[in-house]
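J.: This is the structure, below, for whatever I ask next.
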Amino acid sequence: MTLRRILPLSFFRWCEEGSLGGLIQHSRWSFAIIETIHIMALAVLLGALLIIDLHILGCAMRQQHACEVVKQFGPWSWISLGFMVLTGIPMYLSEAVRLGNSPPFFYKMLFLFAAVGLNLRTFKTATKPLSDRSSAADKLTASLSLVCWVAVALAGRAIAFLSK
Amino acid sequence: MHLVDFFTWLNNLPFSVTLRQDEWPFPIIESFHILGLGLSVGIIMWVDLRLIGVSLRRQPVSQVVSQLEPWAIVGFGVMIASGFLLFIAEPLKCYLTVAFRFKVVMLILAASNIRYFHTNVYSNVSEWDDAEEIPWQAKMVGCFSMILWFGIIIAGRWTAYL
């Protein structure tokens, strides 16, 4: 399954032909710098999410309530996700046609949406009042979101690998 | 024997050749190395930010350290294991790449920073655990740690691409 099965080729051509896509395409340095920021943001994002999910699973920050942990680390997960999207878009634009034809890229996006959705759920239920101990459903959601993030990273790596 | 001969010898070992040439092992190991960033740097940065004094201020330092450090240790274990394998897959390229040499130097400095923290700074943490004023040595350790780990990430990315 690829994005090309959903959207027309003209859309991906339009993405690449824009000035941002062209700029990144022709400058190895800008792609490198943008990708480096993407990876640093990934470290922050995964770290913050791991702390929240580990707390829900009962393995970290045990002296605090779930809502405190979410309040401390939740915003950082959104900020770092924002940086990942901000850096992801130019990288996408620079090779939109190739990514349109890439199955791993499709699955990366799919798992990304699933992971974000699961995390929104996790954060919401964790900030319910009187929820000191997480229910089994919360733990399942937390675990599933971690699995989805792993899938996002694996699919992301597979993009470069499978288009040799 | 020059160092380059040693790394060439390593490079020609069957295990190294296999890791390098087989399709799947390298990308999978590399993916775990990148994912491990979250469990290592992504977690230890909060200890560093607490030491610097800009985050998690309501919790005593010892609580932040005891809650997060064990997980960061697991994360760094993943990084060391996957990193070692990635190095063994292309020892000669790593040796010849300037970015990788920078990475190794920074790794050694980061390890020294951790050691210094535990022997000289954390040992008397009960005196400043929830103090308003954090000892400058603790702030310094936190700063060095942040700069070094993010520098290591940057150098690591350049190693892959140079």
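Every chain in the structure tokens has a letter given in the order shown (A, B, ...), and although residue numbers restart at 1 in each chain, ligands are simply numbered from 1 in the order shown.
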Could you give me, as JSON lines, a per-residue list for chain B showing, wherever an atom lies at most 9 Å from an atom of chain A, the closest pair of atoms and their distance in Å to one decimal, using only C-alpha atoms and sorting by chain then residue number from low to high?
T.:
```
{"residue": "B:Pro27", "atom": "CA", "partner": "A:Arg157", "partner_atom": "CA", "distance": 6.9}
{"residue": "B:Ile28", "atom": "CA", "partner": "A:Leu154", "partner_atom": "CA", "distance": 7.4}
{"residue": "B:Glu30", "atom": "CA", "partner": "A:Arg157", "partner_atom": "CA", "distance": 8.2}
{"residue": "B:Ser31", "atom": "CA", "partner": "A:Leu154", "partner_atom": "CA", "distance": 5.8}
{"residue": "B:Phe32", "atom": "CA", "partner": "A:Leu154", "partner_atom": "CA", "distance": 8.2}
{"residue": "B:Ile34", "atom": "CA", "partner": "A:Ala153", "partner_atom": "CA", "distance": 7.9}
{"residue": "B:Leu35", "atom": "CA", "partner": "A:Ala153", "partner_atom": "CA", "distance": 6.9}
{"residue": "B:Gly36", "atom": "CA", "partner": "A:Ala43", "partner_atom": "CA", "distance": 8.3}
{"residue": "B:Leu37", "atom": "CA", "partner": "A:Ala43", "partner_atom": "CA", "distance": 5.2}
{"residue": "B:Gly38", "atom": "CA", "partner": "A:Ala43", "partner_atom": "CA", "distance": 4.3}
{"residue": "B:Leu39", "atom": "CA", "partner": "A:Gly47", "partner_atom": "CA", "distance": 5.7}
{"residue": "B:Ser40", "atom": "CA", "partner": "A:Gly47", "partner_atom": "CA", "distance": 7.7}
{"residue": "B:Val41", "atom": "CA", "partner": "A:Ala43", "partner_atom": "CA", "distance": 6.5}
{"residue": "B:Gly42", "atom": "CA", "partner": "A:Gly47", "partner_atom": "CA", "distance": 3.8}
{"residue": "B:Ile43", "atom": "CA", "partner": "A:Gly47", "partner_atom": "CA", "distance": 5.0}
{"residue": "B:Ile44", "atom": "CA", "partner": "A:Gly47", "partner_atom": "CA", "distance": 8.6}
{"residue": "B:Met45", "atom": "CA", "partner": "A:Val44", "partner_atom": "CA", "distance": 8.3}
{"residue": "B:Trp46", "atom": "CA", "partner": "A:Gly47", "partner_atom": "CA", "distance": 8.9}
{"residue": "B:Ser55", "atom": "CA", "partner": "A:Gln72", "partner_atom": "CA", "distance": 8.7}
{"residue": "B:Leu56", "atom": "CA", "partner": "A:Gln72", "partner_atom": "CA", "distance": 7.5}
{"residue": "B:Gln63", "atom": "CA", "partner": "A:Met61", "partner_atom": "CA", "distance": 8.4}
{"residue": "B:Val64", "atom": "CA", "partner": "A:Met61", "partner_atom": "CA", "distance": 7.8}
{"residue": "B:Gln67", "atom": "CA", "partner": "A:Met61", "partner_atom": "CA", "distance": 5.6}
{"residue": "B:Leu68", "atom": "CA", "partner": "A:Ala60", "partner_atom": "CA", "distance": 7.0}
{"residue": "B:Trp71", "atom": "CA", "partner": "A:Ala60", "partner_atom": "CA", "distance": 8.4}
{"residue": "B:Phe150", "atom": "CA", "partner": "A:Met40", "partner_atom": "CA", "distance": 7.1}
{"residue": "B:Ile153", "atom": "CA", "partner": "A:Met40", "partner_atom": "CA", "distance": 7.1}
{"residue": "B:Ile154", "atom": "CA", "partner": "A:Thr36", "partner_atom": "CA", "distance": 6.2}
{"residue": "B:Arg157", "atom": "CA", "partner": "A:Thr36", "partner_atom": "CA", "distance": 6.7}
{"residue": "B:Trp158", "atom": "CA", "partner": "A:Ala32", "partner_atom": "CA", "distance": 8.1}
{"residue": "B:Tyr161", "atom": "CA", "partner": "A:Ala32", "partner_atom": "CA", "distance": 8.7}
```
J.: Those same residues, written as a compact mmCIF listing (two decimals), in the first residue's frame with C-alpha atoms?
T.:
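Wrote result-v9.txt, looks like this:
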```txt
# COMPACT_ATOMS: atom_id res chain seq x y z
CA PRO B 27 19.15 -1.64 9.19
CA ILE B 28 17.38 -3.41 12.05
CA GLU B 30 20.49 0.73 13.32
CA SER B 31 16.77 1.21 13.99
CA PHE B 32 17.18 -0.02 17.56
CA ILE B 34 17.97 5.21 16.99
CA LEU B 35 15.03 4.04 19.10
CA GLY B 36 17.41 3.58 22.01
CA LEU B 37 18.03 7.33 21.89
CA GLY B 38 14.65 7.79 23.51
CA LEU B 39 15.38 5.43 26.36
CA SER B 40 18.89 6.80 26.95
CA VAL B 41 19.34 10.47 26.07
CA GLY B 42 15.59 11.11 26.12
CA ILE B 43 15.45 10.03 29.78
CA ILE B 44 18.78 11.21 31.15
CA MET B 45 18.15 14.73 29.83
CA TRP B 46 15.51 15.17 32.55
CA SER B 55 12.94 21.30 35.37
CA LEU B 56 11.13 19.03 37.85
CA GLN B 63 14.08 11.14 43.66
CA VAL B 64 14.51 12.19 40.03
CA GLN B 67 13.37 7.06 39.34
CA LEU B 68 14.95 7.79 35.97
CA TRP B 71 15.83 3.26 32.86
CA PHE B 150 23.35 15.95 21.82
CA ILE B 153 23.78 12.41 18.34
CA ILE B 154 24.95 14.99 15.79
CA ARG B 157 24.27 11.16 12.23
CA TRP B 158 27.27 12.54 10.34
CA TYR B 161 26.35 9.91 6.02
```
J.: Using only C-alpha atoms, which protein or nucleic acid residues come within 7 Å of Gly100 (chain A)? Drop anything in the same chain fewer than 2 positions from it, and give the result as an MDAnalysis selection string.
T.: chainID A and resid 2:4 12 96:98 102
J.: Please identify all polymer residues within 12 Å of Leu107 (chain B), counting only C-alpha atoms, omitting same-chain residues fewer than 3 positions from it, and present them as JSON, numbers by chain.
T.: {"B": [76, 79, 80, 83, 100, 101, 102, 103, 104, 110, 111, 112, 113, 114, 144, 145, 147, 148, 149, 150, 151, 152, 153, 155, 156]}
J.: Please report, as a count of residues only, each residue of region 15-144 of chain B to which DSSP assigns helix (DSSP H, G or I) when run on this structure's backbone.
T.: 108
J.: Name the closest residue to Asp5 (chain B) among the candidates B:Leu96, B:Val74, B:Val105, B:Cys143; distances are taken between atoms, counting only C-alpha atoms.
T.: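 Residue with the minimum atom-to-atom distance to Asp5 (chain B): B:Leu96.
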J.: For Ala138 (chain B), please output as a PyMOL selection string all residues within 7 Å (counting only C-alpha atoms; exclusion window: fewer than 6 positions along the same chain).
T.: chain B and resi 51-52+121
J.: Find the residues around Val125 (chain B) up to 10 Å (only C-alpha atoms counted), leave out those fewer than 2 positions away in its own chain, and share them as a PyMOL selection string.
T.: chain B and resi 60-62+118+120-123+127-131+134-135+138
J.: Go ahead and write the residues just picked, N, CA and C atoms, as a CSV table (one decimal), in the first residue's frame.
T.:
```
chain,number,residue,atom,x,y,z
B,60,PRO,N,12.8,16.3,44.9
B,60,PRO,CA,14.2,16.2,45.3
B,60,PRO,C,15.1,15.6,44.2
B,61,VAL,N,16.3,16.0,44.1
B,61,VAL,CA,17.2,15.5,43.1
B,61,VAL,C,17.3,14.0,43.2
B,62,SER,N,17.4,13.5,44.4
B,62,SER,CA,17.6,12.0,44.6
B,62,SER,C,16.5,11.2,44.1
B,118,HIS,N,29.0,10.8,40.1
B,118,HIS,CA,28.7,9.9,41.1
B,118,HIS,C,29.7,9.9,42.2
B,120,ASN,N,31.9,12.6,43.0
B,120,ASN,CA,32.2,13.9,43.6
B,120,ASN,C,31.0,14.7,43.9
B,121,VAL,N,29.9,14.5,43.2
B,121,VAL,CA,28.7,15.4,43.3
B,121,VAL,C,27.6,14.8,44.0
B,122,TYR,N,27.2,13.6,43.5
B,122,TYR,CA,26.0,12.9,44.1
B,122,TYR,C,26.2,12.4,45.5
B,123,SER,N,27.5,12.2,45.8
B,123,SER,CA,27.8,11.5,47.1
B,123,SER,C,27.2,12.3,48.3
B,127,GLU,N,22.7,16.8,51.3
B,127,GLU,CA,22.8,18.2,51.8
B,127,GLU,C,22.1,19.2,50.9
B,128,TRP,N,21.9,18.9,49.6
B,128,TRP,CA,21.3,19.8,48.7
B,128,TRP,C,20.1,19.3,47.9
B,129,ASP,N,19.6,18.2,48.4
B,129,ASP,CA,18.5,17.4,47.7
B,129,ASP,C,17.4,18.3,47.2
B,130,ASP,N,16.8,19.1,48.2
B,130,ASP,CA,15.7,20.0,47.7
B,130,ASP,C,16.0,21.4,47.9
B,131,ALA,N,17.3,21.7,47.9
B,131,ALA,CA,17.7,23.1,48.2
B,131,ALA,C,17.3,24.0,47.0
B,134,ILE,N,21.4,25.1,43.9
B,134,ILE,CA,22.1,23.8,43.5
B,134,ILE,C,23.6,24.1,43.4
B,135,PRO,N,24.4,23.2,43.9
B,135,PRO,CA,25.9,23.3,43.8
B,135,PRO,C,26.3,23.5,42.4
B,138,ALA,N,27.1,20.4,40.3
B,138,ALA,CA,25.9,19.7,39.8
B,138,ALA,C,25.4,20.3,38.5
```
J.: Name the residues in contact with Ser143 (chain A) at a cut-off of 9 Å, using only C-alpha atoms, excluding same-chain residues fewer than 5 positions from it; report them as a list in words.
T.: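 Here the answer would be Asp53, Leu54, Leu57, Asp138 and Cys148 of chain A.
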J.: Which value, in Å to one decimal, gives the distance between CA of Phe26 (chain B) and CA of Pro103 (chain A)?
T.: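 CA of Pro103 (chain A) lies 19.9 Å from CA of Phe26 (chain B).
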J.: Return the single residue from A:Leu20, A:Ile52, A:Val85, A:Leu93 that is closest to Asn119 (chain A), with distances computed using only C-alpha atoms.
T.: A:Ile52
J.: With only C-alpha atoms as the basis for distance, which of A:Phe113, A:Phe123, A:Phe106, A:Phe83 is at the shortest distance from Ile34 (chain A)?
T.: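 Among the listed residues, the smallest separation from Ile34 (chain A) belongs to A:Phe83.
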J.: Quick check, in Å to one decimal: how far apart do CA of Thr159 (chain B) and CA of Ser30 (chain A) lie?
T.: 16.6 Å
